[in-house]
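Taking it in order: structure first as structure tokens, then the write-up.
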Amino acid sequence: MTAQQAMTGQEARVRADDRGHVFHSWSAQATIDPLPVEGGAGSEFWDYEGNRYLDFSSQLVNLNLGHQHPDLVAAIERQARRLATVQPSFANDVRGELARRIVEVAGEPFEKVFFTNGGADANENAVRMARLSTGRRKVLAMYRSYHGNTSTAIALTGDPRRWPNEPADPGIVHFFGPYLYRSAWGATTPEEEAERALAHLEQVIMLEGASTIAAIVLETIVGTNGVLVPPPGYLQGVRALCDRHGIVLIADEVMVGFGRVGEWFAFQAHGVVPDLITFAKGVNSGYVPLGGVVISGDIARAFDQRAFPGGLTYSGHPLACAAGVATFEVFARDGILERVRDLGTRVVEPTVTRWLETHPSVGDVRGAGLFWAVELVRDRETREPLVPFNASGADAAPMAAFASACKKAGVWPFLHFNRTHLAPPLVITEDELRRGLDVIDAALEVTDGLALGSQS
């Protein structure tokens, strides 16, 4: 048997086991055929046939330090030899060190970290903390958001994944966040959008009863639902509304935290401080599942004399925390935050801005650091999306054609509705980044043809 035959046989076994026994998330099981992945390194992964792909989605925007980073792998190996696991009621060195490091980069007034298994249960527990510390029940969350798949987190979510899970938490109320390109209020400038979005939120608070609202939960930069960067003044206005009415502000930094936009946390670029921060993904690039809630001193002290009614067997798992500590060391040694800001400003921003001039299907581009959205349209004048909201099947064919062109040229894209998102690993080289952008540039000719064809 040749090496190629052996590899083909292994791929067949992987595919058979997967299709026979793995139940995949967010999928109709009989309609999918997942690609068997054989390995990965840095910004690339490859299949069993030797096809290599630049990972322009960082898997699920979590692989900030790339595939098989040697420092993270070594940290997990060292920890596994010393102490593979210990229950959360004990003190553990790497758990405590990681908590301290997170609090230090979060800054005042944060003092504690509650570790979870991921982002969904981080949001779940943050809401629980807000409700218990305020004695209120309602929580406001944005449309066009995603906060996770646990019961409260999916209720917070403002995209269609919430619909099949309803009725959900009756204390959740949704509101519109700022989205200048498709402004709900006819705004034409970022300043107008911020002002009108805040007026809308203030009215929702009034009509729901400020004294009944425990928290406002928002993604500092909306992730999967559009990479919506808040306009200047918006987050400051939300903070002021929360302060006025005694409402806890929860910043969901699961996707944008730990360097994705060139800051430890995205809120730090906006001059605003929340009361609770939720995180996951980039804290250790998902090498071992880990998430958590960073807790301000005031909220932490609410549980000094009464027990917090929540916990998880794997809270602060030593293997996960060891990879988290190593992440901090890599960030410091390799200047990750600085290189993300540099590549975002010097390479990505001018490239995607040029696409607005050269591709008639590109309606809008927006983002920061190594996190950008390219919104595709059929008609620039009407801003009709290239595919309908929540499109699937034949309706989503134009985006499938774009994705196919990317993959054939060696780039694995991140798609959501009528957008492609740019979210490569933060360790991507400049040459790899430019090569990936060139592939997407060429693939946009596919959507240009569809857009132009719809207008003929």
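Identifiers for the structure tokens are assigned positionally: chains receive A, B, ... in sequence, residues are indexed from 1 per chain, and ligands are indexed from 1 in the order shown.
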For the structure I just gave you, how does DSSP split stretch 152-362 of chain A - specifically, which residues are strand (DSSP E or B)? Reply as a PyMOL selection string.
chain A and resi 172-175+213-219+222+228+248-252+276-279+291-296+362
Show which residues sit within 10 Å of A:Leu198, as a count of residues only. Count only C-alpha atoms, and ignore same-chain residues fewer than 5 positions away.
14
Identify, on the basis of only C-alpha atoms, every residue whose closest approach to A:Gly40 does not exceed 7 Å; exclude the query and any residue fewer than 3 positions from it along the same chain; express the result as an NGL selection string.
:A and (44-46 or 67-68)
Next, write the just-selected residues to a file, as a compact mmCIF listing (two decimals), in the first residue's frame, keeping N, CA and C atoms as the atom set.
# COMPACT_ATOMS: atom_id res chain seq x y z
N GLU A 44 -2.31 27.99 8.49
CA GLU A 44 -2.83 27.06 7.51
C GLU A 44 -3.34 25.77 8.15
N PHE A 45 -4.30 25.12 7.46
CA PHE A 45 -4.64 23.74 7.77
C PHE A 45 -4.78 23.01 6.45
N TRP A 46 -4.81 21.68 6.48
CA TRP A 46 -4.84 20.92 5.24
C TRP A 46 -5.68 19.66 5.41
N HIS A 67 -2.67 27.56 14.41
CA HIS A 67 -2.66 26.11 14.62
C HIS A 67 -1.31 25.66 15.20
N GLN A 68 -1.40 24.81 16.20
CA GLN A 68 -0.22 24.11 16.74
C GLN A 68 0.90 25.07 17.16
Find the residues around A:Ala396 up to 8 Å (only C-alpha atoms counted), leave out those fewer than 4 positions away in its own chain, and share them as a ChimeraX atom specification.
/A:387-388,391-392,400,417
Give me every helix (DSSP H, G or I) residue in stretch 43-247 of chain A, going by DSSP on the backbone, as number ranges by chain.
A: 58-61, 70-82, 93-106, 119-134, 151-156, 160-165, 180-182, 190-208, 210-212, 234-245
Near-stretch 151-159 of chain A list (9 Å; only C-alpha atoms; drop same-chain fewer than 5 positions) as a ChimeraX atom specification
/A:120-124,127,139-146,165-170,172-175,217,225,390
Prev. selection, N, CA and C atoms, output as a PDB file, in the first residue's frame:
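What follows is the written file part.pdb:
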ATOM      1  N   ALA A 120     -20.580  30.894  25.850  1.00  0.00           N
ATOM      2  CA  ALA A 120     -22.007  30.837  26.162  1.00  0.00           C
ATOM      3  C   ALA A 120     -22.236  30.806  27.663  1.00  0.00           C
ATOM      4  N   ASP A 121     -21.528  29.931  28.363  1.00  0.00           N
ATOM      5  CA  ASP A 121     -21.746  29.867  29.808  1.00  0.00           C
ATOM      6  C   ASP A 121     -21.115  31.052  30.531  1.00  0.00           C
ATOM      7  N   ALA A 122     -20.178  31.746  29.883  1.00  0.00           N
ATOM      8  CA  ALA A 122     -19.708  33.011  30.452  1.00  0.00           C
ATOM      9  C   ALA A 122     -20.834  34.031  30.455  1.00  0.00           C
ATOM     10  N   ASN A 123     -21.537  34.164  29.331  1.00  0.00           N
ATOM     11  CA  ASN A 123     -22.661  35.100  29.275  1.00  0.00           C
ATOM     12  C   ASN A 123     -23.792  34.669  30.204  1.00  0.00           C
ATOM     13  N   GLU A 124     -24.042  33.385  30.265  1.00  0.00           N
ATOM     14  CA  GLU A 124     -25.066  32.851  31.165  1.00  0.00           C
ATOM     15  C   GLU A 124     -24.797  33.281  32.604  1.00  0.00           C
ATOM     16  N   VAL A 127     -25.022  37.199  33.313  1.00  0.00           N
ATOM     17  CA  VAL A 127     -26.408  37.634  33.520  1.00  0.00           C
ATOM     18  C   VAL A 127     -26.879  37.247  34.912  1.00  0.00           C
ATOM     19  N   VAL A 139     -33.184  41.917  31.129  1.00  0.00           N
ATOM     20  CA  VAL A 139     -31.887  42.149  30.501  1.00  0.00           C
ATOM     21  C   VAL A 139     -32.131  42.593  29.066  1.00  0.00           C
ATOM     22  N   LEU A 140     -31.485  43.671  28.651  1.00  0.00           N
ATOM     23  CA  LEU A 140     -31.598  44.169  27.291  1.00  0.00           C
ATOM     24  C   LEU A 140     -30.410  43.688  26.463  1.00  0.00           C
ATOM     25  N   ALA A 141     -30.703  43.249  25.242  1.00  0.00           N
ATOM     26  CA  ALA A 141     -29.660  42.782  24.321  1.00  0.00           C
ATOM     27  C   ALA A 141     -30.018  43.213  22.909  1.00  0.00           C
ATOM     28  N   MET A 142     -29.029  43.301  22.061  1.00  0.00           N
ATOM     29  CA  MET A 142     -29.231  43.800  20.699  1.00  0.00           C
ATOM     30  C   MET A 142     -29.810  42.735  19.774  1.00  0.00           C
ATOM     31  N   TYR A 143     -30.603  43.209  18.799  1.00  0.00           N
ATOM     32  CA  TYR A 143     -30.767  42.439  17.584  1.00  0.00           C
ATOM     33  C   TYR A 143     -29.399  42.410  16.890  1.00  0.00           C
ATOM     34  N   ARG A 144     -29.265  41.499  15.908  1.00  0.00           N
ATOM     35  CA  ARG A 144     -27.975  41.326  15.228  1.00  0.00           C
ATOM     36  C   ARG A 144     -26.866  41.075  16.248  1.00  0.00           C
ATOM     37  N   SER A 145     -27.055  40.043  17.056  1.00  0.00           N
ATOM     38  CA  SER A 145     -26.028  39.661  18.024  1.00  0.00           C
ATOM     39  C   SER A 145     -26.031  38.152  18.163  1.00  0.00           C
ATOM     40  N   TYR A 146     -24.934  37.630  18.700  1.00  0.00           N
ATOM     41  CA  TYR A 146     -24.884  36.223  19.080  1.00  0.00           C
ATOM     42  C   TYR A 146     -24.162  36.131  20.410  1.00  0.00           C
ATOM     43  N   ASN A 165     -35.512  28.199  19.204  1.00  0.00           N
ATOM     44  CA  ASN A 165     -35.350  27.922  20.633  1.00  0.00           C
ATOM     45  C   ASN A 165     -36.362  28.670  21.503  1.00  0.00           C
ATOM     46  N   GLU A 166     -37.267  29.400  20.870  1.00  0.00           N
ATOM     47  CA  GLU A 166     -38.285  30.134  21.629  1.00  0.00           C
ATOM     48  C   GLU A 166     -39.499  29.242  21.907  1.00  0.00           C
ATOM     49  N   PRO A 167     -40.246  29.511  22.981  1.00  0.00           N
ATOM     50  CA  PRO A 167     -40.065  30.625  23.920  1.00  0.00           C
ATOM     51  C   PRO A 167     -38.845  30.414  24.808  1.00  0.00           C
ATOM     52  N   ALA A 168     -38.183  31.513  25.062  1.00  0.00           N
ATOM     53  CA  ALA A 168     -36.956  31.462  25.841  1.00  0.00           C
ATOM     54  C   ALA A 168     -37.142  32.269  27.125  1.00  0.00           C
ATOM     55  N   ASP A 169     -36.073  32.817  27.652  1.00  0.00           N
ATOM     56  CA  ASP A 169     -36.111  33.590  28.883  1.00  0.00           C
ATOM     57  C   ASP A 169     -37.044  34.792  28.713  1.00  0.00           C
ATOM     58  N   PRO A 170     -38.137  34.880  29.468  1.00  0.00           N
ATOM     59  CA  PRO A 170     -39.100  35.974  29.265  1.00  0.00           C
ATOM     60  C   PRO A 170     -38.586  37.330  29.730  1.00  0.00           C
ATOM     61  N   ILE A 172     -35.817  38.743  28.704  1.00  0.00           N
ATOM     62  CA  ILE A 172     -34.919  39.339  27.711  1.00  0.00           C
ATOM     63  C   ILE A 172     -35.706  40.247  26.771  1.00  0.00           C
ATOM     64  N   VAL A 173     -35.212  41.463  26.554  1.00  0.00           N
ATOM     65  CA  VAL A 173     -35.815  42.433  25.631  1.00  0.00           C
ATOM     66  C   VAL A 173     -34.744  42.861  24.636  1.00  0.00           C
ATOM     67  N   HIS A 174     -35.078  42.848  23.347  1.00  0.00           N
ATOM     68  CA  HIS A 174     -34.117  43.221  22.324  1.00  0.00           C
ATOM     69  C   HIS A 174     -34.316  44.664  21.846  1.00  0.00           C
ATOM     70  N   PHE A 175     -33.207  45.262  21.440  1.00  0.00           N
ATOM     71  CA  PHE A 175     -33.237  46.623  20.911  1.00  0.00           C
ATOM     72  C   PHE A 175     -32.304  46.707  19.708  1.00  0.00           C
ATOM     73  N   VAL A 217     -26.569  43.859  27.824  1.00  0.00           N
ATOM     74  CA  VAL A 217     -25.507  43.006  27.293  1.00  0.00           C
ATOM     75  C   VAL A 217     -25.272  43.390  25.845  1.00  0.00           C
ATOM     76  N   ASN A 225     -22.570  38.752  13.328  1.00  0.00           N
ATOM     77  CA  ASN A 225     -23.674  39.471  12.696  1.00  0.00           C
ATOM     78  C   ASN A 225     -23.265  40.789  12.060  1.00  0.00           C
ATOM     79  N   ASN A 390     -30.829  35.686   6.302  1.00  0.00           N
ATOM     80  CA  ASN A 390     -31.022  34.305   6.745  1.00  0.00           C
ATOM     81  C   ASN A 390     -31.198  33.342   5.574  1.00  0.00           C
TER      82      ASN A 390
END
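Distance-wise, atom CA of A:Ala405 and atom CA of A:Asp17 end up 28.4 Å apart.
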Considering only C-alpha atoms, tabulate each residue of stretch 275-349 of chain A that lies at most 6 Å from stretch 93-101 of chain A along with its nearest interatomic pair and the corresponding distance in Å to one decimal; arrange the rows by chain and ascending residue number and present them as CSV.
residue,atom,partner,partner_atom,distance
A:Gly316,CA,A:Arg95,CA,5.7
A:Cys321,CA,A:Arg95,CA,5.5
A:Ala322,CA,A:Val94,CA,5.7
A:Val325,CA,A:Leu98,CA,5.5
Would you export the selected residues with N, CA and C atoms as a PDB file, in the first residue's frame, please?
ATOM      1  N   GLY A 316     -11.870  26.758  35.215  1.00  0.00           N
ATOM      2  CA  GLY A 316     -10.442  27.018  35.399  1.00  0.00           C
ATOM      3  C   GLY A 316      -9.602  25.766  35.256  1.00  0.00           C
ATOM      4  N   CYS A 321      -5.871  26.705  31.487  1.00  0.00           N
ATOM      5  CA  CYS A 321      -5.236  27.884  32.070  1.00  0.00           C
ATOM      6  C   CYS A 321      -3.747  27.947  31.740  1.00  0.00           C
ATOM      7  N   ALA A 322      -3.085  26.790  31.662  1.00  0.00           N
ATOM      8  CA  ALA A 322      -1.672  26.776  31.282  1.00  0.00           C
ATOM      9  C   ALA A 322      -1.497  27.354  29.887  1.00  0.00           C
ATOM     10  N   VAL A 325      -1.915  31.177  30.198  1.00  0.00           N
ATOM     11  CA  VAL A 325      -0.705  31.859  30.681  1.00  0.00           C
ATOM     12  C   VAL A 325       0.315  31.959  29.564  1.00  0.00           C
TER      13      VAL A 325
END
Write out as a ChimeraX atom specification each polymer residue whose atoms come within 12 Å of A:Glu430, counting only C-alpha atoms; drop sequence neighbours fewer than 2 positions from it.
/A:43,339-340,342-344,346-348,370,424-428,432-437
Include C-alpha atoms and write out the residues we just selected as a short mmCIF file (atom, residue, chain, number, x, y, z; two decimals), in the first residue's frame.
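Output (again02.cif):
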data_model
loop_
_atom_site.label_atom_id
_atom_site.label_comp_id
_atom_site.auth_asym_id
_atom_site.auth_seq_id
_atom_site.Cartn_x
_atom_site.Cartn_y
_atom_site.Cartn_z
CA SER A 43 -2.18 30.15 9.62
CA ARG A 339 1.44 43.79 14.92
CA VAL A 340 -2.36 43.43 14.75
CA ASP A 342 -0.02 47.56 12.17
CA LEU A 343 -1.33 44.90 9.77
CA GLY A 344 -4.89 46.13 10.14
CA ARG A 346 -1.25 49.29 6.86
CA VAL A 347 -2.44 46.22 4.93
CA VAL A 348 -6.10 45.31 5.46
CA LEU A 370 -7.60 41.73 11.97
CA PRO A 424 -7.11 35.33 10.11
CA PRO A 425 -4.89 34.21 12.99
CA LEU A 426 -3.07 37.10 14.63
CA VAL A 427 0.24 35.37 13.87
CA ILE A 428 -0.35 35.41 10.11
CA GLU A 432 0.22 35.21 3.86
CA LEU A 433 -2.16 38.05 4.66
CA ARG A 434 -1.58 39.72 1.31
CA ARG A 435 -1.92 36.39 -0.51
CA GLY A 436 -5.23 35.71 1.20
CA LEU A 437 -6.53 39.17 0.40
#
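Residues surrounding stretch 85-91 of chain A within 10 Å are Gln79, Ala80, Arg95, Gly96, Phe115, Gly311, Leu312, Thr313, Tyr314, Ser315, Gly316, His317, Pro318, Leu319 and Ala320 of chain A [only C-alpha atoms; sequence separation below 4 positions excluded].
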